[in-house]
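Asks: input_10.cif is reproduced below (mmCIF, C-alpha atoms and all ligand atoms).
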```cif
data_input
#
loop_
_atom_site.label_atom_id
_atom_site.label_comp_id
_atom_site.auth_asym_id
_atom_site.auth_seq_id
_atom_site.Cartn_x
_atom_site.Cartn_y
_atom_site.Cartn_z
CA MET A 5 -23.71 -6.61 -1.12
CA ALA A 6 -26.28 -7.57 1.51
CA GLY A 7 -25.64 -11.03 2.86
CA ARG A 8 -21.96 -10.91 1.91
CA GLY A 9 -20.57 -10.83 5.37
CA VAL A 10 -22.16 -7.59 6.53
CA GLY A 11 -23.17 -8.19 10.12
CA HIS A 12 -21.35 -11.51 10.18
CA ASP A 13 -20.04 -12.29 13.64
CA PRO A 14 -17.29 -14.91 13.80
CA HIS A 15 -17.57 -14.85 17.58
CA ALA A 16 -21.30 -15.59 17.61
CA ARG A 17 -20.72 -18.78 19.56
CA TRP A 18 -18.10 -17.50 21.99
CA ARG A 19 -20.48 -17.51 24.93
CA GLN A 20 -20.16 -21.26 24.94
CA GLU A 21 -16.86 -20.57 26.68
CA GLN A 22 -18.36 -21.64 29.98
CA PHE A 23 -18.31 -25.23 28.73
CA VAL A 24 -14.74 -25.04 27.54
CA LYS A 25 -11.65 -26.26 29.39
CA ILE A 26 -8.80 -23.77 29.74
CA TRP A 27 -5.12 -24.54 30.26
CA MET A 28 -3.39 -22.19 32.65
CA ASN A 29 0.20 -22.41 33.87
CA GLY A 30 0.40 -26.16 33.32
CA GLU A 31 -3.08 -27.15 34.51
CA LEU A 32 -6.36 -27.78 32.77
CA ARG A 33 -9.29 -26.02 34.46
CA GLY A 34 -12.93 -25.26 33.88
CA ALA A 35 -13.49 -21.75 32.50
CA ASP A 36 -14.94 -20.71 35.87
CA GLU A 37 -11.78 -21.72 37.72
CA ALA A 38 -9.27 -20.25 35.28
CA ARG A 39 -8.71 -16.88 36.93
CA VAL A 40 -5.98 -14.28 36.49
CA SER A 41 -4.92 -11.99 39.34
CA VAL A 42 -6.15 -8.38 39.24
CA PHE A 43 -2.44 -7.52 39.67
CA ASP A 44 -1.48 -9.35 36.50
CA HIS A 45 0.49 -6.89 34.37
CA GLY A 46 -1.27 -8.27 31.32
CA PHE A 47 -4.56 -7.13 32.85
CA THR A 48 -3.41 -3.78 34.23
CA VAL A 49 -1.14 -2.51 31.44
CA ALA A 50 -1.37 -5.03 28.56
CA ASP A 51 2.12 -6.32 29.37
CA GLY A 52 1.78 -9.52 27.40
CA VAL A 53 1.81 -11.22 24.03
CA PHE A 54 -0.53 -13.63 22.30
CA GLU A 55 -1.26 -15.90 19.38
CA THR A 56 -4.49 -16.85 17.65
CA LEU A 57 -4.64 -20.17 15.82
CA LYS A 58 -7.37 -21.73 13.76
CA ILE A 59 -8.80 -25.04 14.93
CA GLN A 60 -10.01 -27.26 12.13
CA ASP A 61 -11.53 -30.67 12.82
CA GLY A 62 -9.86 -30.92 16.21
CA SER A 63 -6.36 -29.80 15.17
CA ALA A 64 -4.65 -26.43 15.34
CA PHE A 65 -3.05 -25.06 12.17
CA ALA A 66 0.62 -24.00 11.95
CA VAL A 67 1.42 -24.53 15.64
CA ARG A 68 5.18 -24.43 15.12
CA ARG A 69 5.10 -21.04 13.37
CA HIS A 70 2.76 -19.60 15.97
CA LEU A 71 4.92 -20.78 18.87
CA GLU A 72 8.03 -19.36 17.22
CA ARG A 73 6.32 -16.00 16.81
CA LEU A 74 5.14 -16.10 20.44
CA GLY A 75 8.78 -16.54 21.45
CA ARG A 76 9.87 -13.64 19.24
CA SER A 77 7.06 -11.41 20.54
CA ALA A 78 8.02 -12.18 24.16
CA GLN A 79 11.63 -11.35 23.36
CA GLY A 80 10.54 -8.15 21.62
CA MET A 81 8.78 -7.08 24.82
CA GLY A 82 11.59 -8.16 27.15
CA LEU A 83 9.42 -10.84 28.78
CA PRO A 84 11.01 -14.04 30.09
CA ALA A 85 11.24 -16.63 27.31
CA PRO A 86 8.08 -18.75 27.33
CA ASP A 87 8.45 -22.52 27.70
CA LEU A 88 7.23 -23.31 24.20
CA GLU A 89 7.19 -27.08 24.73
CA GLU A 90 5.00 -26.65 27.80
CA ILE A 91 2.67 -24.36 25.88
CA ARG A 92 2.57 -26.85 23.01
CA ASN A 93 1.43 -29.49 25.53
CA GLY A 94 -1.16 -27.01 26.76
CA ILE A 95 -2.45 -26.62 23.21
CA ASP A 96 -2.70 -30.40 22.83
CA GLU A 97 -4.54 -30.70 26.16
CA VAL A 98 -7.01 -27.96 25.27
CA LEU A 99 -7.70 -29.50 21.86
CA ALA A 100 -8.27 -32.93 23.40
CA ALA A 101 -10.40 -31.66 26.30
CA ASN A 102 -12.65 -29.56 24.07
CA ARG A 103 -13.09 -31.94 21.16
CA ALA A 104 -16.84 -32.29 21.81
CA GLU A 105 -17.41 -28.55 22.26
CA ILE A 106 -15.30 -27.61 19.24
CA PRO A 107 -15.82 -30.44 16.77
CA ASP A 108 -15.06 -28.48 13.61
CA LEU A 109 -14.05 -24.85 13.49
CA GLY A 110 -12.59 -22.98 16.43
CA ARG A 111 -10.25 -20.28 17.58
CA LEU A 112 -7.42 -21.14 19.91
CA ARG A 113 -5.69 -18.40 21.80
CA VAL A 114 -2.37 -18.49 23.64
CA THR A 115 -1.88 -15.56 25.98
CA TYR A 116 1.40 -15.02 27.80
CA THR A 117 1.79 -12.12 30.22
CA ALA A 118 4.39 -10.76 32.63
CA GLY A 119 2.34 -12.09 35.58
CA SER A 120 1.55 -10.14 38.72
CA GLY A 121 3.24 -6.77 39.05
CA PRO A 122 2.86 -3.28 40.49
CA LEU A 123 -0.13 -1.12 39.58
CA GLY A 124 2.02 0.94 37.23
CA SER A 125 4.19 0.32 34.22
CA ASP A 126 7.25 -0.95 36.14
CA ARG A 127 7.82 -4.67 36.16
CA SER A 128 8.50 -5.87 39.66
CA PRO A 129 11.38 -8.33 40.05
CA GLY A 130 9.45 -10.05 42.84
CA GLY A 131 6.36 -10.82 40.78
CA SER A 132 4.62 -14.14 40.37
CA GLY A 133 6.37 -15.14 37.16
CA PRO A 134 4.60 -15.19 33.81
CA THR A 135 1.02 -16.22 33.24
CA ALA A 136 0.43 -18.59 30.33
CA VAL A 137 -3.10 -19.40 29.18
CA VAL A 138 -4.40 -21.52 26.33
CA ALA A 139 -8.11 -21.05 25.66
CA ALA A 140 -10.37 -22.04 22.80
CA THR A 141 -13.87 -21.29 21.60
CA PRO A 142 -15.97 -22.46 18.68
CA MET A 143 -15.89 -20.14 15.70
CA THR A 144 -18.26 -19.39 12.85
CA ALA A 145 -16.53 -19.46 9.47
CA TRP A 146 -15.84 -16.08 7.89
CA PRO A 147 -17.88 -15.39 4.75
CA GLU A 148 -16.25 -15.89 1.35
CA SER A 149 -15.49 -12.18 1.05
CA ALA A 150 -15.27 -9.12 3.28
CA ALA A 151 -16.22 -5.46 3.25
CA VAL A 152 -13.49 -3.20 4.61
CA ILE A 153 -13.15 0.46 5.46
CA THR A 154 -10.15 2.74 5.58
CA VAL A 155 -9.41 4.64 8.78
CA ALA A 156 -7.15 7.62 9.39
CA TRP A 157 -5.53 6.28 12.57
CA PRO A 158 -1.96 5.34 11.64
CA ARG A 159 0.13 2.32 12.58
CA ASN A 160 3.35 3.52 14.14
CA GLU A 161 6.10 1.60 12.37
CA ARG A 162 8.63 3.13 14.83
CA SER A 163 6.82 1.88 17.91
CA PRO A 164 8.71 -0.61 20.10
CA LEU A 165 5.65 -2.81 19.58
CA ALA A 166 5.88 -2.78 15.77
CA GLY A 167 5.83 -6.37 14.56
CA VAL A 168 5.15 -7.67 18.08
CA LYS A 169 1.89 -9.48 18.72
CA SER A 170 1.34 -7.72 22.03
CA THR A 171 -1.95 -7.86 23.93
CA SER A 172 -2.07 -4.08 23.63
CA TYR A 173 -4.88 -4.13 21.07
CA ALA A 174 -7.11 -1.25 22.10
CA GLU A 175 -6.27 0.72 18.93
CA ASN A 176 -7.43 -2.28 16.93
CA VAL A 177 -10.56 -2.59 19.06
CA ILE A 178 -11.49 1.03 18.30
CA ALA A 179 -10.78 0.79 14.56
CA LEU A 180 -12.65 -2.51 14.26
CA ALA A 181 -15.65 -1.07 16.11
CA GLU A 182 -15.68 1.73 13.54
CA ALA A 183 -15.60 -0.84 10.73
CA ARG A 184 -18.55 -2.67 12.31
CA ARG A 185 -20.42 0.60 12.65
CA GLN A 186 -20.01 1.08 8.89
CA GLY A 187 -21.14 -2.46 8.04
CA ALA A 188 -17.63 -3.78 7.38
CA SER A 189 -15.56 -6.44 9.10
CA GLU A 190 -12.10 -4.90 8.88
CA ALA A 191 -10.39 -1.51 8.90
CA LEU A 192 -7.23 -0.83 6.92
CA MET A 193 -4.52 1.51 8.15
CA ALA A 194 -1.46 3.30 6.78
CA ASP A 195 1.82 3.75 8.63
CA THR A 196 2.99 7.18 9.79
CA GLN A 197 4.67 7.77 6.39
CA GLY A 198 1.47 7.20 4.46
CA ARG A 199 2.28 3.70 3.25
CA LEU A 200 -0.35 0.99 3.24
CA CYS A 201 0.17 -1.21 6.32
CA GLU A 202 -2.45 -3.75 7.47
CA GLY A 203 -5.84 -4.28 9.06
CA THR A 204 -6.74 -4.49 12.74
CA GLY A 205 -6.37 -8.26 12.72
CA SER A 206 -5.16 -9.12 9.25
CA ASN A 207 -2.51 -8.43 6.66
CA VAL A 208 -3.52 -7.04 3.30
CA LEU A 209 -2.79 -8.26 -0.24
CA VAL A 210 -3.10 -5.88 -3.17
CA VAL A 211 -3.66 -7.23 -6.68
CA MET A 212 -2.19 -5.06 -9.43
CA GLY A 213 -2.29 -6.61 -12.89
CA ASN A 214 -0.52 -9.94 -12.66
CA ARG A 215 1.13 -9.23 -9.30
CA ILE A 216 -0.05 -9.72 -5.75
CA ILE A 217 1.72 -7.41 -3.34
CA THR A 218 1.79 -7.14 0.44
CA PRO A 219 3.38 -4.27 2.39
CA THR A 220 6.82 -4.94 3.89
CA LEU A 221 7.29 -5.39 7.63
CA GLY A 222 8.98 -1.96 7.57
CA THR A 223 5.48 -0.47 7.68
CA GLY A 224 4.97 -1.98 11.15
CA ALA A 225 2.67 -4.69 9.78
CA LEU A 226 2.56 -7.84 11.88
CA PRO A 227 4.62 -10.68 10.40
CA GLY A 228 1.45 -12.70 9.83
CA ILE A 229 1.71 -16.47 9.61
CA THR A 230 -0.80 -16.52 6.74
CA ARG A 231 1.10 -13.67 5.08
CA SER A 232 4.32 -15.68 5.20
CA LEU A 233 2.52 -18.72 3.75
CA VAL A 234 1.07 -16.81 0.79
CA ILE A 235 4.52 -15.37 0.10
CA GLU A 236 5.87 -18.94 -0.04
CA TRP A 237 2.93 -20.65 -1.74
CA CYS A 238 1.33 -18.04 -3.98
CA GLY A 239 4.25 -15.87 -5.09
CA VAL A 240 3.02 -12.82 -3.17
CA GLU A 241 5.64 -10.05 -3.32
CA GLU A 242 6.66 -7.79 -0.44
CA MET A 243 6.71 -4.17 -1.49
CA ASP A 244 5.70 -0.87 0.03
CA LEU A 245 2.77 0.85 -1.58
CA PRO A 246 1.47 4.36 -1.09
CA TRP A 247 -1.85 4.49 0.74
CA GLU A 248 -3.43 5.95 -2.40
CA SER A 249 -2.69 2.72 -4.29
CA LEU A 250 -5.79 1.29 -2.64
CA GLY A 251 -7.70 3.39 -5.16
CA ASP A 252 -5.91 1.76 -8.13
CA ALA A 253 -5.92 -1.81 -6.88
CA ASP A 254 -7.57 -4.40 -9.14
CA ALA A 255 -8.47 -6.41 -6.06
CA LEU A 256 -7.72 -6.69 -2.37
CA MET A 257 -7.55 -9.66 -0.06
CA LEU A 258 -7.05 -10.10 3.67
CA THR A 259 -4.95 -12.79 5.30
CA SER A 260 -5.20 -14.02 8.86
CA SER A 261 -5.19 -17.26 10.77
CA THR A 262 -8.98 -17.27 11.04
CA ARG A 263 -9.83 -15.68 7.66
CA ASP A 264 -7.16 -17.60 5.69
CA VAL A 265 -7.07 -15.70 2.35
CA GLN A 266 -10.27 -13.72 2.10
CA PRO A 267 -11.16 -11.54 -0.91
CA VAL A 268 -12.50 -8.04 -0.30
CA HIS A 269 -15.70 -7.18 -2.19
CA ARG A 270 -16.01 -3.58 -1.01
CA ILE A 271 -13.64 -0.93 0.30
CA ASP A 272 -15.41 2.13 1.69
CA GLU A 273 -17.92 2.96 -1.08
CA ARG A 274 -16.06 1.17 -3.88
CA ASP A 275 -17.25 -2.18 -5.19
CA LEU A 276 -14.34 -4.50 -5.95
CA SER A 277 -16.07 -7.51 -7.44
CA PRO A 278 -15.56 -9.61 -9.48
CA LEU A 279 -12.31 -11.10 -8.25
CA PRO A 280 -9.55 -11.40 -10.89
CA GLN A 281 -8.33 -14.89 -11.76
CA ILE A 282 -4.91 -14.40 -10.14
CA ALA A 283 -6.59 -13.66 -6.82
CA ARG A 284 -8.91 -16.67 -7.13
CA ASP A 285 -5.90 -18.85 -7.88
CA CYS A 286 -4.19 -17.59 -4.72
CA VAL A 287 -7.23 -18.48 -2.59
CA THR A 288 -7.38 -21.95 -4.16
CA GLU A 289 -3.67 -22.60 -3.84
CA PHE A 290 -3.65 -21.56 -0.19
CA ARG A 291 -6.53 -23.95 0.54
CA ARG A 292 -4.82 -26.76 -1.33
CA ARG A 293 -1.47 -26.38 0.41
CA ALA A 294 -3.02 -25.86 3.84
CA SER A 295 -5.02 -29.07 3.45
CA LEU A 296 -1.82 -31.03 2.76
CA ASP A 297 0.03 -30.09 5.94
CA ILE A 298 -1.45 -29.07 9.30
CA ASP A 299 1.88 -27.61 10.48
CA PRO A 300 3.58 -26.15 7.39
C1 LIG A 401 -2.59 -6.72 13.56
C2 LIG A 401 -2.57 -8.03 12.85
N1 LIG A 401 -2.05 -8.11 11.63
C3 LIG A 401 -2.03 -9.27 10.95
C4 LIG A 401 -2.58 -10.42 11.47
C5 LIG A 401 -2.56 -11.70 10.69
O1 LIG A 401 -1.62 -12.61 11.23
P1 LIG A 401 -1.80 -14.18 11.17
O2 LIG A 401 -1.84 -14.55 9.72
O3 LIG A 401 -0.58 -14.69 11.84
O4 LIG A 401 -3.05 -14.53 11.88
C6 LIG A 401 -3.14 -10.39 12.75
C7 LIG A 401 -3.71 -11.61 13.33
O5 LIG A 401 -4.45 -11.61 14.23
C8 LIG A 401 -3.13 -9.17 13.46
O6 LIG A 401 -3.67 -9.09 14.68
#
```
Render the structure in this file as structure tokens.
Replies:
Amino acid sequence: MAGRGVGHDPHARWRQEQFVKIWMNGELRGADEARVSVFDHGFTVADGVFETLKIQDGSAFAVRRHLERLGRSAQGMGLPAPDLEEIRNGIDEVLAANRAEIPDLGRLRVTYTAGSGPLGSDRSPGGSGPTAVVAATPMTAWPESAAVITVAWPRNERSPLAGVKSTSYAENVIALAEARRQGASEALMADTQGRLCEGTGSNVLVVMGNRIITPTLGTGALPGITRSLVIEWCGVEEMDLPWESLGDADALMLTSSTRDVQPVHRIDERDLSPLPQIARDCVTEFRRRASLDIDP
């Protein structure tokens, strides 16, 4: 499996951020001038939500769906409704201002936090108002396939954050670091009831015979944009699966805005290649449909 994504770092070029222009609360700034207060509740207690979009040849993919989810995430956290039109303009400005730095593939991130607040969990009514940031960096393409590990830390499908793309990602950071330590690029988790859920930054597709199945949102999995597209475009079915079904799967794939639909060639010690035809067809169909419409 050497050379198949082990050690691959999609963020290898992120340090170029110093050349990149950032949009913050309505204004375009150099990365050095785009600064968030140390009292920002997003910084102190992860009181915020975010979106990650893929940039391809100067355009961001599926902006409408991402903005809608940002609005739903903000609502889910009780944050003031973000001005989605203003943020859309911010996305356009960042894409235009960074065209030279990010000519082909990039990652665009929208972060929206509660703004300045007390040094505890309370939200202060007298705070600064929300902080909205649009940032982008170049990205290295993910390899054709991924190695994944399973981890025992559960997703809590009963958490108030279930299904919300909150900036509270430390659990994902820890699980992903463990995956990296084991030479993999993703870690899969179950929910508290022992049902397959998702990865740290991706949804999971399970191929069983002539069906491709993804866990329902009842497991606490994020309502991924790519997940919703493969349900529409590739006939992927939503169904809960016991965690143990990973052992019987004919194939696995990951979906995310930066990975698109990425086959898994190894899970823990088990080799999963070659990829069945139905899975290859799904990858091809996703690529085809995505190339037809930048904002499906
Ligand atoms: C926890 C989690 N699940 C799933 C996904 C995939 O969602 P999307 O396809 O919208 O990128 C992500 C994306 O970053 C994620 O962080």
Asks: Residues within 8 Å of ligand LIG 401 (chain A) should be enumerated using only C-alpha atoms and all ligand atoms and returned as a VMD selection string.
Replies: chain A and resid 55 to 57 70 169 176 202 to 207 225 to 232 259 to 262 264
Asks: Rounded to one decimal in Å, what is the spacing between CA of Gly119 (chain A) and CA of Asp96 (chain A)?
Replies: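 Separating CA of Gly119 (chain A) from CA of Asp96 (chain A) is a distance of 22.9 Å.
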Asks: Here's a test: counting only C-alpha atoms, identify every protein, DNA and RNA residue with an atom at most 10 Å from (-8.8, -13.0, -6.9) in the file's coordinate frame, and state them as a list of chain:residue names.
Replies: A:Val210, A:Val211, A:Ile216, A:Asp254, A:Ala255, A:Leu256, A:Met257, A:Val265, A:Gln266, A:Pro267, A:Val268, A:Ser277, A:Pro278, A:Leu279, A:Pro280, A:Gln281, A:Ile282, A:Ala283, A:Arg284, A:Asp285, A:Cys286, A:Val287, A:Thr288
Asks: Between A:His45, A:Arg263, A:Arg73, A:Arg162, single out the one closest to Ile59 (chain A), counting all atoms listed in the file.
Replies: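 Going through A:His45, A:Arg263, A:Arg73, A:Arg162 one by one, the smallest distance to Ile59 (chain A) is for A:Arg263.
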Asks: Which residues are near Glu190 (chain A)? Cut-off 8 Å, all atoms listed in the file, ignore same chain within fewer than 4 positions. Put them as a ChimeraX atom specification.
Replies: /A:150-153,180,183-184,203-205
Asks: Determine the nearest neighbour of Ala294 (chain A) from the options A:Thr144, A:Gln60, A:Gln197, A:Thr171, counting only C-alpha atoms.
Replies: A:Gln60
Asks: Using all atoms listed in the file, find the one residue out of A:Ala179, A:Ala194, A:Ala85, A:Val24 that sits nearest to Ala118 (chain A).
Replies: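 Between A:Ala179, A:Ala194, A:Ala85, A:Val24, the residue approaching Ala118 (chain A) most closely is A:Ala85.
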Asks: Of the candidates A:Glu89, A:Asp61, A:Asp36, A:Asp126, which shows the shortest atom-to-atom distance to Asp108 (chain A), using all atoms listed in the file?
Replies: A:Asp61
Asks: So that I can see what lies close to Pro158 (chain A), please list as a CSV table (one decimal) with C-alpha atoms, keeping the file's coordinate frame the residues with an atom at most 9 Å from it, counting only C-alpha atoms and leaving out residues fewer than 6 positions away in the same chain.
Replies:
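New file around-v5.csv:
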```csv
chain,number,residue,atom,x,y,z
A,193,MET,CA,-4.5,1.5,8.2
A,194,ALA,CA,-1.5,3.3,6.8
A,195,ASP,CA,1.8,3.8,8.6
A,196,THR,CA,3.0,7.2,9.8
A,197,GLN,CA,4.7,7.8,6.4
A,198,GLY,CA,1.5,7.2,4.5
A,201,CYS,CA,0.2,-1.2,6.3
```
Asks: May I ask for the distance between CA of Leu123 (chain A) and CA of Ala136 (chain A), given in Å to one decimal place?
Replies: 19.8 Å
Asks: Here is a test: counting only C-alpha atoms, which residue of A:Ser41, A:Ala100, A:Glu90, A:Gly110 is nearest to Gly131 (chain A)?
Replies: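 The shortest atom-to-atom distance to Gly131 (chain A) comes from A:Ser41.
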Asks: Could you tell me how far CA of Phe65 (chain A) lies from CA of Ile235 (chain A), in Å and to one decimal?
Replies: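 These two atoms are separated by 17.2 Å.
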Asks: Would you mind putting all heavy atoms back on region 229-239 of chain A and writing the result as a PDB file, in the coordinates of the input?
Replies:
```pdb
ATOM      1  N   ILE A 229       1.386 -15.094  10.015  1.00  0.00           N
ATOM      2  CA  ILE A 229       1.710 -16.470   9.610  1.00  0.00           C
ATOM      3  C   ILE A 229       1.102 -16.726   8.221  1.00  0.00           C
ATOM      4  O   ILE A 229       1.750 -17.282   7.336  1.00  0.00           O
ATOM      5  CB  ILE A 229       1.129 -17.485  10.627  1.00  0.00           C
ATOM      6  CG1 ILE A 229       1.621 -17.186  12.055  1.00  0.00           C
ATOM      7  CG2 ILE A 229       1.432 -18.917  10.194  1.00  0.00           C
ATOM      8  CD1 ILE A 229       3.078 -17.283  12.285  1.00  0.00           C
ATOM      9  N   THR A 230      -0.131 -16.312   8.028  1.00  0.00           N
ATOM     10  CA  THR A 230      -0.800 -16.520   6.740  1.00  0.00           C
ATOM     11  C   THR A 230      -0.092 -15.718   5.655  1.00  0.00           C
ATOM     12  O   THR A 230       0.094 -16.194   4.530  1.00  0.00           O
ATOM     13  CB  THR A 230      -2.277 -16.106   6.837  1.00  0.00           C
ATOM     14  OG1 THR A 230      -2.763 -16.453   8.132  1.00  0.00           O
ATOM     15  CG2 THR A 230      -3.118 -16.783   5.766  1.00  0.00           C
ATOM     16  N   ARG A 231       0.324 -14.511   6.008  1.00  0.00           N
ATOM     17  CA  ARG A 231       1.100 -13.670   5.080  1.00  0.00           C
ATOM     18  C   ARG A 231       2.347 -14.416   4.628  1.00  0.00           C
ATOM     19  O   ARG A 231       2.668 -14.455   3.439  1.00  0.00           O
ATOM     20  CB  ARG A 231       1.461 -12.364   5.809  1.00  0.00           C
ATOM     21  CG  ARG A 231       2.381 -11.425   5.053  1.00  0.00           C
ATOM     22  CD  ARG A 231       2.771 -10.257   5.977  1.00  0.00           C
ATOM     23  NE  ARG A 231       3.626  -9.298   5.294  1.00  0.00           N
ATOM     24  CZ  ARG A 231       4.944  -9.441   5.148  1.00  0.00           C
ATOM     25  NH1 ARG A 231       5.565 -10.517   5.624  1.00  0.00           N
ATOM     26  NH2 ARG A 231       5.648  -8.511   4.528  1.00  0.00           N
ATOM     27  N   SER A 232       3.077 -15.003   5.591  1.00  0.00           N
ATOM     28  CA  SER A 232       4.320 -15.680   5.200  1.00  0.00           C
ATOM     29  C   SER A 232       4.004 -16.898   4.322  1.00  0.00           C
ATOM     30  O   SER A 232       4.756 -17.222   3.402  1.00  0.00           O
ATOM     31  CB  SER A 232       5.147 -16.070   6.420  1.00  0.00           C
ATOM     32  OG  SER A 232       4.456 -17.005   7.205  1.00  0.00           O
ATOM     33  N   LEU A 233       2.875 -17.552   4.565  1.00  0.00           N
ATOM     34  CA  LEU A 233       2.520 -18.720   3.750  1.00  0.00           C
ATOM     35  C   LEU A 233       2.139 -18.321   2.327  1.00  0.00           C
ATOM     36  O   LEU A 233       2.504 -19.007   1.370  1.00  0.00           O
ATOM     37  CB  LEU A 233       1.393 -19.515   4.421  1.00  0.00           C
ATOM     38  CG  LEU A 233       1.804 -20.229   5.724  1.00  0.00           C
ATOM     39  CD1 LEU A 233       0.589 -20.844   6.418  1.00  0.00           C
ATOM     40  CD2 LEU A 233       2.857 -21.300   5.473  1.00  0.00           C
ATOM     41  N   VAL A 234       1.424 -17.211   2.172  1.00  0.00           N
ATOM     42  CA  VAL A 234       1.070 -16.810   0.790  1.00  0.00           C
ATOM     43  C   VAL A 234       2.286 -16.280   0.032  1.00  0.00           C
ATOM     44  O   VAL A 234       2.341 -16.370  -1.194  1.00  0.00           O
ATOM     45  CB  VAL A 234      -0.111 -15.796   0.705  1.00  0.00           C
ATOM     46  CG1 VAL A 234      -1.420 -16.427   1.122  1.00  0.00           C
ATOM     47  CG2 VAL A 234       0.177 -14.522   1.468  1.00  0.00           C
ATOM     48  N   ILE A 235       3.270 -15.763   0.770  1.00  0.00           N
ATOM     49  CA  ILE A 235       4.520 -15.370   0.100  1.00  0.00           C
ATOM     50  C   ILE A 235       5.206 -16.634  -0.442  1.00  0.00           C
ATOM     51  O   ILE A 235       5.655 -16.670  -1.582  1.00  0.00           O
ATOM     52  CB  ILE A 235       5.429 -14.589   1.085  1.00  0.00           C
ATOM     53  CG1 ILE A 235       4.828 -13.206   1.374  1.00  0.00           C
ATOM     54  CG2 ILE A 235       6.845 -14.450   0.527  1.00  0.00           C
ATOM     55  CD1 ILE A 235       5.499 -12.432   2.499  1.00  0.00           C
ATOM     56  N   GLU A 236       5.220 -17.692   0.389  1.00  0.00           N
ATOM     57  CA  GLU A 236       5.870 -18.940  -0.040  1.00  0.00           C
ATOM     58  C   GLU A 236       5.061 -19.696  -1.096  1.00  0.00           C
ATOM     59  O   GLU A 236       5.626 -20.261  -2.025  1.00  0.00           O
ATOM     60  CB  GLU A 236       6.062 -19.874   1.171  1.00  0.00           C
ATOM     61  CG  GLU A 236       7.151 -19.432   2.112  1.00  0.00           C
ATOM     62  CD  GLU A 236       7.217 -20.294   3.367  1.00  0.00           C
ATOM     63  OE1 GLU A 236       6.948 -21.509   3.288  1.00  0.00           O
ATOM     64  OE2 GLU A 236       7.524 -19.732   4.440  1.00  0.00           O
ATOM     65  N   TRP A 237       3.763 -19.753  -0.920  1.00  0.00           N
ATOM     66  CA  TRP A 237       2.930 -20.650  -1.740  1.00  0.00           C
ATOM     67  C   TRP A 237       2.344 -19.986  -2.978  1.00  0.00           C
ATOM     68  O   TRP A 237       2.047 -20.650  -3.962  1.00  0.00           O
ATOM     69  CB  TRP A 237       1.751 -21.200  -0.906  1.00  0.00           C
ATOM     70  CG  TRP A 237       2.152 -22.102   0.210  1.00  0.00           C
ATOM     71  CD1 TRP A 237       3.376 -22.659   0.430  1.00  0.00           C
ATOM     72  CD2 TRP A 237       1.307 -22.578   1.265  1.00  0.00           C
ATOM     73  NE1 TRP A 237       3.351 -23.441   1.554  1.00  0.00           N
ATOM     74  CE2 TRP A 237       2.099 -23.409   2.089  1.00  0.00           C
ATOM     75  CE3 TRP A 237      -0.030 -22.378   1.606  1.00  0.00           C
ATOM     76  CZ2 TRP A 237       1.585 -24.040   3.224  1.00  0.00           C
ATOM     77  CZ3 TRP A 237      -0.544 -23.000   2.725  1.00  0.00           C
ATOM     78  CH2 TRP A 237       0.252 -23.830   3.530  1.00  0.00           C
ATOM     79  N   CYS A 238       2.097 -18.685  -2.903  1.00  0.00           N
ATOM     80  CA  CYS A 238       1.330 -18.040  -3.980  1.00  0.00           C
ATOM     81  C   CYS A 238       2.121 -16.943  -4.677  1.00  0.00           C
ATOM     82  O   CYS A 238       1.548 -16.160  -5.446  1.00  0.00           O
ATOM     83  CB  CYS A 238       0.039 -17.440  -3.405  1.00  0.00           C
ATOM     84  SG  CYS A 238      -0.928 -18.585  -2.417  1.00  0.00           S
ATOM     85  N   GLY A 239       3.422 -16.856  -4.395  1.00  0.00           N
ATOM     86  CA  GLY A 239       4.250 -15.870  -5.090  1.00  0.00           C
ATOM     87  C   GLY A 239       3.903 -14.430  -4.745  1.00  0.00           C
ATOM     88  O   GLY A 239       4.172 -13.520  -5.535  1.00  0.00           O
TER      89      GLY A 239
END
```
